[in-house]
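Enquirer: Can you read through this structure? Questions will come right after.
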2 protein chains.
Amino acid sequence: MNRISFIIIVCLPCVTVSSAQSSNDSLLLRSIYNEALGNGEAYSNLRHLTKDIGHRLSGSESAANAMKWGQSVMDAYGADRTWVMPVLVPSWTRGDVARSTAHIGHADIPLHVTALGGSVGTPDDQAIRGKIVMVKDVNALDTLSSSVIEGRIVLFNRPMDPVLINTGAAYGGAVDQRGNGASAAAKAGAIGALVRSMTHALDTLPHTGALRYKDAIERIPAAAISTVDASMLSHELKMHPDLEVSLQMNCEAFDDVEQGNVIGEWTGTVFPNEIITIGGHLDSWDIGEGAHDDGAGVVHTLETLRILKAIGYKPKRTLRFVLFINEENGNRGGKEYARQAGIENEQSALVHLAAMESDAGGFVPRGFRIDASDSATAIVRSWEDLFAPYNVHLFRRGGAGVDISPLKALTPRPTMLGLSPDGQRYFDFHHSSQDVFENVHKRELELGAATFAAALVMMDQHLPSPREDR
Amino acid sequence: MNRISFIIIVCLPCVTVSSAQSSNDSLLLRSIYNEALGNGEAYSNLRHLTKDIGHRLSGSESAANAMKWGQSVMDAYGADRTWVMPVLVPSWTRGDVARSTAHIGHADIPLHVTALGGSVGTPDDQAIRGKIVMVKDVNALDTLSSSVIEGRIVLFNRPMDPVLINTGAAYGGAVDQRGNGASAAAKAGAIGALVRSMTHALDTLPHTGALRYKDAIERIPAAAISTVDASMLSHELKMHPDLEVSLQMNCEAFDDVEQGNVIGEWTGTVFPNEIITIGGHLDSWDIGEGAHDDGAGVVHTLETLRILKAIGYKPKRTLRFVLFINEENGNRGGKEYARQAGIENEQSALVHLAAMESDAGGFVPRGFRIDASDSATAIVRSWEDLFAPYNVHLFRRGGAGVDISPLKALTPRPTMLGLSPDGQRYFDFHHSSQDVFENVHKRELELGAATFAAALVMMDQHLPSPREDR
């Protein structure tokens, strides 16, 4: 490497910050990024997780394998102790049949569909068939008379808004169809539901994701349909309003299974009773390989431990590296972790000071979503200049992540950060067969790990202890 | 689309800026991004340029086809007038043979190579063969005695520095081997040169690019070799220091050809004598499709014209949309454009006020490189808050682009901006067979076009006229 440019790069941040502390922070951050980019293991860990272990739906054997592997990596990277926090998780299988066909005149056109997570199969695993009622919105069903919906299949076909810069906001603006569509359709008398896949891309990939059946409403089968097929049906319906669609799936639900959160702990040297939790989720959907969602968060978490050990860091607080279970279809791992954290807060001298999550993909890091008090938010925002040399600029308030969100109920409330990678490509892959290792970029993944580690170090060094803060 | 979230998104920037002018700017930017993301044609234009026209080496028939197409699009998008500024460009062909083999003991191992742009072929198109001298640096040749180099093939094998965040800086720190290696090796008596491909990736793709032969030094053949092969040779040389490599290429140079810069002009309504130039380069290397380099810049330029017409914008200054020729191997298009701009400045009432270039790929836009006076730089930086809602944060001083760089010599010196997309993936594809349409992302390309158009509008609205500035 070019020694002179290295020195220039290292020293540039120093001259832009004022205090000796900031200068030390600046050097610390540079050593973290150097380690991640120069000796990184995040990419090879992700290859193992996605290619050798594979997708990891809660309750599956591969999820159990991933738990063992995650714990062994934490042990190898030098965690003081590692354990599994048991969690009962749902067990559901997609089955091997997901067939759907549009019957238009004499033509039978196969559609690209996959079951939404948690869907029931079609009755007796046989195909259902009905006319289509297309709506843009769950509420639109209320405006239709039940005779229009009775016995039919509802197609929820509202696209993600393309003009929103934040793709997560576009997802948030469309995903109610997936979560609530099946029960809303069933309540109105429908026999099945198809939901336009949550992606900006116009392609033939169905994207799965959890649905939520409402109690006391009949559970009807529901599938994601690709954006190309949804758009095609919308077009054909104008000419053939009586076209019919058939749907056949053999999904199945089983009894809950005991799996758990994998935890590695590194005891703090100054305030060992203060806990900072960082993590991602080990489970994934059962199509694709869960590479971005959330293999990236898993290896960001493991790599953070490795980097901090490699550079000789000594944590002030006790750091907990957590691979959560069951984010995708229940968040029981996150809830159980928060429940036990509450007990620790109350029954021991421990305090859960902060938490951070990576669950938005392995893309180039752009910044953080901050979910914290005004004073803690101001502290986090004071780090902006330190992160700017790494092109990390976003310090916006927002939800920090599903797994850690139940920790918000603790007293005192932990400072929570969510890693924000660039989101433009995320929904191309999210919950689809294309969420695979090949679609993760080595340097982008490494930069994410470094940014995650850097933020952990800054929290460890600079968040005030709860007694000071109150 | 969700109307309420749209209104919230549109109005958020308004409350964070102080003046009515900034509020207007904010609305203008939002309308530009909406048009680019909602009705964009950049992606379909790029598909045509890369798939139907193909790669576009200066002097080639496809470069001529691209010129015709570019002019026709500018006409269709409503430029007031379009023309071609003739430029004599070099004509060089890679040939159909680029074979290289490592002879290690009894094994003959084929290597992945391609000629560097402008290289001579091997003598009589026959293979040369010699032992390897591996160096990390052009200067390292000075420390070796000529007997070590005489009759051998020099392997320049210094990797791009992985720890630099700015991949362009890592490229800049390694590319001297490609530009100067052949003549330095020839001067020391070598018969050929192999240069490690300019990429962070460890793969089997050779990446071409221009070399510069020095006058009065023998021209020896030089090829790019993939990073995997370069690393393999480095490893094998430790065990087999006498290993030989053969190289055969049939590149050829021809007489210069007349092609040219394609220019579209839109006359200003307030200061029609003040010119703002924006552009990218139409030529590309002859492997891959020139999709990121610089098909993206071409369609950013065309899309900027389309967007501003679509939203009903009325430019204050005269806008020139320029598709430059011959950036890759001579920059004769950029030099000729600046020469004629100098004549216009002197012999007519015209003033070249500003210029902007997109030649760093079609990735998600991060900001701008600013090459301008202190006062103009301060003006550009005052726009940071307006661009922040679009995740455009970088406002750093730096070179604005090769094509427009000769304009720096004009008096008064134009304000120059270069679009800075995210660079982490750029050198995976740059100058290789993988710089193809499939490796450009639709939304990222559209965001780049919007950011390019937004910066043009801000310059048009807010740069002071030269008389005020002097």
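Residues in the structure tokens are numbered from 1 in each chain, the chains being A, B, ... in the order shown, and ligands are numbered from 1 in the order shown.
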Kindly determine which residues of chain A lie within 9 Å of chain B, considering only C-alpha atoms, and give the answer as a ChimeraX atom specification.
Expert: /A:1-2,5-6,9,33-38,158-166,169,173-174,200-201,364,366,388-391,393-394,422,424-425,441-444,447
Enquirer: Would you kindly return, as number ranges by chain, each protein, DNA or RNA residue with an atom no farther than 7 Å from any atom of range 375-385 of chain A, considering only C-alpha atoms and excluding same-chain residues fewer than 4 positions away?
Expert: A: 370, 393, 395, 415
Enquirer: Store the residues picked out above in a file with N, CA and C atoms, as a PDB file, in the first residue's frame.
Expert:
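Here's the written file selection.pdb:
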```pdb
ATOM      1  N   ILE A 370     -31.821   6.648  14.717  1.00  0.00           N
ATOM      2  CA  ILE A 370     -31.620   6.869  16.153  1.00  0.00           C
ATOM      3  C   ILE A 370     -32.967   6.818  16.857  1.00  0.00           C
ATOM      4  N   HIS A 393     -23.272   9.471   6.705  1.00  0.00           N
ATOM      5  CA  HIS A 393     -23.810  10.813   6.935  1.00  0.00           C
ATOM      6  C   HIS A 393     -25.179  10.866   7.597  1.00  0.00           C
ATOM      7  N   PHE A 395     -27.868  10.622  10.187  1.00  0.00           N
ATOM      8  CA  PHE A 395     -28.109  10.489  11.625  1.00  0.00           C
ATOM      9  C   PHE A 395     -29.546  10.947  11.863  1.00  0.00           C
ATOM     10  N   THR A 415     -30.532   3.666  24.845  1.00  0.00           N
ATOM     11  CA  THR A 415     -30.271   4.372  23.581  1.00  0.00           C
ATOM     12  C   THR A 415     -30.189   3.320  22.488  1.00  0.00           C
TER      13      THR A 415
END
```
Enquirer: What's the 10 Å shell around Ala64 in chain B, counting only C-alpha atoms, without same-chain residues fewer than 5 positions away, as JSON, numbers by chain?
Expert: {"B": [53, 56, 57, 58, 59, 69, 70, 258, 259, 260, 282, 283, 325]}
Enquirer: The selected residues should be written to file as a PDB file, in the first residue's frame (atoms: N, CA and C atoms).
Expert:
```pdb
ATOM      1  N   ILE B  53     -26.684  -0.621 -29.615  1.00  0.00           N
ATOM      2  CA  ILE B  53     -25.501  -0.004 -30.233  1.00  0.00           C
ATOM      3  C   ILE B  53     -24.233  -0.718 -29.781  1.00  0.00           C
ATOM      4  N   ARG B  56     -18.271   1.275 -27.780  1.00  0.00           N
ATOM      5  CA  ARG B  56     -18.154   2.436 -28.657  1.00  0.00           C
ATOM      6  C   ARG B  56     -16.743   3.020 -28.625  1.00  0.00           C
ATOM      7  N   LEU B  57     -15.782   2.224 -29.009  1.00  0.00           N
ATOM      8  CA  LEU B  57     -14.413   2.735 -29.010  1.00  0.00           C
ATOM      9  C   LEU B  57     -14.290   3.859 -30.037  1.00  0.00           C
ATOM     10  N   SER B  58     -13.549   4.895 -29.679  1.00  0.00           N
ATOM     11  CA  SER B  58     -13.328   6.008 -30.614  1.00  0.00           C
ATOM     12  C   SER B  58     -12.894   5.476 -31.972  1.00  0.00           C
ATOM     13  N   GLY B  59     -13.492   6.013 -33.001  1.00  0.00           N
ATOM     14  CA  GLY B  59     -13.128   5.618 -34.351  1.00  0.00           C
ATOM     15  C   GLY B  59     -13.932   4.451 -34.889  1.00  0.00           C
ATOM     16  N   TRP B  69     -27.432   8.464 -32.787  1.00  0.00           N
ATOM     17  CA  TRP B  69     -28.537   8.213 -31.845  1.00  0.00           C
ATOM     18  C   TRP B  69     -28.619   9.326 -30.799  1.00  0.00           C
ATOM     19  N   GLY B  70     -27.484   9.710 -30.245  1.00  0.00           N
ATOM     20  CA  GLY B  70     -27.478  10.753 -29.219  1.00  0.00           C
ATOM     21  C   GLY B  70     -28.080  12.050 -29.739  1.00  0.00           C
ATOM     22  N   GLU B 258     -12.425  10.980 -38.448  1.00  0.00           N
ATOM     23  CA  GLU B 258     -13.230  12.107 -37.973  1.00  0.00           C
ATOM     24  C   GLU B 258     -14.517  11.615 -37.337  1.00  0.00           C
ATOM     25  N   GLN B 259     -14.658  11.895 -36.023  1.00  0.00           N
ATOM     26  CA  GLN B 259     -15.945  11.710 -35.356  1.00  0.00           C
ATOM     27  C   GLN B 259     -16.259  13.033 -34.652  1.00  0.00           C
ATOM     28  N   GLY B 260     -16.847  13.065 -33.493  1.00  0.00           N
ATOM     29  CA  GLY B 260     -17.076  14.374 -32.894  1.00  0.00           C
ATOM     30  C   GLY B 260     -17.895  14.360 -31.631  1.00  0.00           C
ATOM     31  N   LEU B 282     -19.325   9.664 -24.810  1.00  0.00           N
ATOM     32  CA  LEU B 282     -20.028   8.693 -25.644  1.00  0.00           C
ATOM     33  C   LEU B 282     -19.150   7.500 -25.969  1.00  0.00           C
ATOM     34  N   ASP B 283     -17.844   7.710 -26.045  1.00  0.00           N
ATOM     35  CA  ASP B 283     -16.965   6.589 -26.375  1.00  0.00           C
ATOM     36  C   ASP B 283     -16.807   5.683 -25.149  1.00  0.00           C
ATOM     37  N   ILE B 325     -16.563  12.860 -27.229  1.00  0.00           N
ATOM     38  CA  ILE B 325     -15.926  11.711 -27.872  1.00  0.00           C
ATOM     39  C   ILE B 325     -14.499  11.570 -27.340  1.00  0.00           C
TER      40      ILE B 325
END
```
Enquirer: When DSSP is applied to the backbone of this structure, which of range 247-451 of chain B are assigned alpha helix (DSSP H)? Write them out as a ChimeraX atom specification.
Expert: /B:296-310,332-347,374-381,384-387,426-429,442-451
Enquirer: Can those selected residues be exported to a file as a PDB file, in the first residue's frame so that it contains C-alpha atoms?
Expert:
```pdb
ATOM      1  CA  ALA B 296     -24.522   6.257 -17.425  1.00  0.00           C
ATOM      2  CA  GLY B 297     -23.120   9.745 -17.994  1.00  0.00           C
ATOM      3  CA  VAL B 298     -24.590   9.821 -21.493  1.00  0.00           C
ATOM      4  CA  VAL B 299     -28.085   8.942 -20.325  1.00  0.00           C
ATOM      5  CA  HIS B 300     -27.782  11.205 -17.259  1.00  0.00           C
ATOM      6  CA  THR B 301     -27.138  14.026 -19.714  1.00  0.00           C
ATOM      7  CA  LEU B 302     -30.014  13.144 -22.048  1.00  0.00           C
ATOM      8  CA  GLU B 303     -32.363  12.530 -19.121  1.00  0.00           C
ATOM      9  CA  THR B 304     -31.523  15.915 -17.645  1.00  0.00           C
ATOM     10  CA  LEU B 305     -32.780  17.570 -20.824  1.00  0.00           C
ATOM     11  CA  ARG B 306     -35.907  15.398 -20.809  1.00  0.00           C
ATOM     12  CA  ILE B 307     -36.686  16.033 -17.122  1.00  0.00           C
ATOM     13  CA  LEU B 308     -36.294  19.798 -17.355  1.00  0.00           C
ATOM     14  CA  LYS B 309     -38.560  19.934 -20.410  1.00  0.00           C
ATOM     15  CA  ALA B 310     -41.100  17.635 -18.737  1.00  0.00           C
ATOM     16  CA  ARG B 332      -9.506  14.901 -27.869  1.00  0.00           C
ATOM     17  CA  GLY B 333     -13.231  15.637 -27.600  1.00  0.00           C
ATOM     18  CA  GLY B 334     -12.808  17.468 -24.313  1.00  0.00           C
ATOM     19  CA  LYS B 335      -9.787  19.377 -25.595  1.00  0.00           C
ATOM     20  CA  GLU B 336     -11.536  20.458 -28.784  1.00  0.00           C
ATOM     21  CA  TYR B 337     -14.620  21.538 -26.888  1.00  0.00           C
ATOM     22  CA  ALA B 338     -12.496  23.703 -24.585  1.00  0.00           C
ATOM     23  CA  ARG B 339     -10.547  25.114 -27.536  1.00  0.00           C
ATOM     24  CA  GLN B 340     -13.738  26.244 -29.222  1.00  0.00           C
ATOM     25  CA  ALA B 341     -15.143  27.507 -25.915  1.00  0.00           C
ATOM     26  CA  GLY B 342     -12.044  29.674 -25.592  1.00  0.00           C
ATOM     27  CA  ILE B 343     -12.670  31.084 -29.047  1.00  0.00           C
ATOM     28  CA  GLU B 344     -16.311  31.728 -28.173  1.00  0.00           C
ATOM     29  CA  ASN B 345     -15.276  33.496 -24.972  1.00  0.00           C
ATOM     30  CA  GLU B 346     -12.882  35.711 -26.888  1.00  0.00           C
ATOM     31  CA  GLN B 347     -14.608  36.319 -30.182  1.00  0.00           C
ATOM     32  CA  ASP B 374     -13.573  29.713  -3.159  1.00  0.00           C
ATOM     33  CA  SER B 375     -16.614  31.910  -3.623  1.00  0.00           C
ATOM     34  CA  ALA B 376     -18.293  29.555  -6.084  1.00  0.00           C
ATOM     35  CA  THR B 377     -17.444  26.583  -3.846  1.00  0.00           C
ATOM     36  CA  ALA B 378     -19.171  28.331  -0.953  1.00  0.00           C
ATOM     37  CA  ILE B 379     -22.257  28.852  -3.106  1.00  0.00           C
ATOM     38  CA  VAL B 380     -22.362  25.195  -4.106  1.00  0.00           C
ATOM     39  CA  ARG B 381     -21.902  24.094  -0.507  1.00  0.00           C
ATOM     40  CA  GLU B 384     -26.177  20.908   1.017  1.00  0.00           C
ATOM     41  CA  ASP B 385     -29.430  21.114   2.989  1.00  0.00           C
ATOM     42  CA  LEU B 386     -31.475  21.083  -0.207  1.00  0.00           C
ATOM     43  CA  PHE B 387     -29.837  17.862  -1.365  1.00  0.00           C
ATOM     44  CA  TYR B 426     -17.293   0.773  -9.856  1.00  0.00           C
ATOM     45  CA  PHE B 427     -13.953  -0.960 -10.277  1.00  0.00           C
ATOM     46  CA  ASP B 428     -15.586  -4.397 -10.299  1.00  0.00           C
ATOM     47  CA  PHE B 429     -16.763  -3.537 -13.805  1.00  0.00           C
ATOM     48  CA  LYS B 442     -32.589   1.260 -12.540  1.00  0.00           C
ATOM     49  CA  ARG B 443     -33.384   3.353  -9.466  1.00  0.00           C
ATOM     50  CA  GLU B 444     -29.738   4.194  -8.827  1.00  0.00           C
ATOM     51  CA  LEU B 445     -29.375   5.366 -12.429  1.00  0.00           C
ATOM     52  CA  GLU B 446     -32.541   7.448 -12.130  1.00  0.00           C
ATOM     53  CA  LEU B 447     -31.416   8.997  -8.851  1.00  0.00           C
ATOM     54  CA  GLY B 448     -28.145   9.921 -10.547  1.00  0.00           C
ATOM     55  CA  ALA B 449     -29.995  11.593 -13.407  1.00  0.00           C
ATOM     56  CA  ALA B 450     -32.187  13.522 -10.984  1.00  0.00           C
ATOM     57  CA  THR B 451     -29.182  14.649  -8.963  1.00  0.00           C
TER      58      THR B 451
END
```
Enquirer: When distances are computed from only C-alpha atoms, which of B:Met85, B:Val322, B:Ile109, B:Ala193 shows the smallest separation from Val138 in chain B?
Expert: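 Of B:Met85, B:Val322, B:Ile109, B:Ala193, the one nearest Val138 in chain B is B:Ala193, counting only C-alpha atoms.
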Enquirer: If we count only C-alpha atoms and set the cut-off at 6 Å, which residues sit around Ile276 in chain B, ignoring sequence neighbours fewer than 3 positions away in its own chain? Please answer as a PyMOL selection string.
Expert: chain B and resi 319+353-355
Enquirer: For the residues in the current selection, export C-alpha atoms as a short mmCIF file (atom, residue, chain, number, x, y, z; two decimals), in the first residue's frame.
Expert:
```cif
data_model
loop_
_atom_site.label_atom_id
_atom_site.label_comp_id
_atom_site.auth_asym_id
_atom_site.auth_seq_id
_atom_site.Cartn_x
_atom_site.Cartn_y
_atom_site.Cartn_z
CA LEU B 319 -27.64 24.99 -21.40
CA LEU B 353 -20.04 30.06 -16.83
CA ALA B 354 -20.01 26.49 -15.56
CA ALA B 355 -19.63 22.84 -16.53
#
```
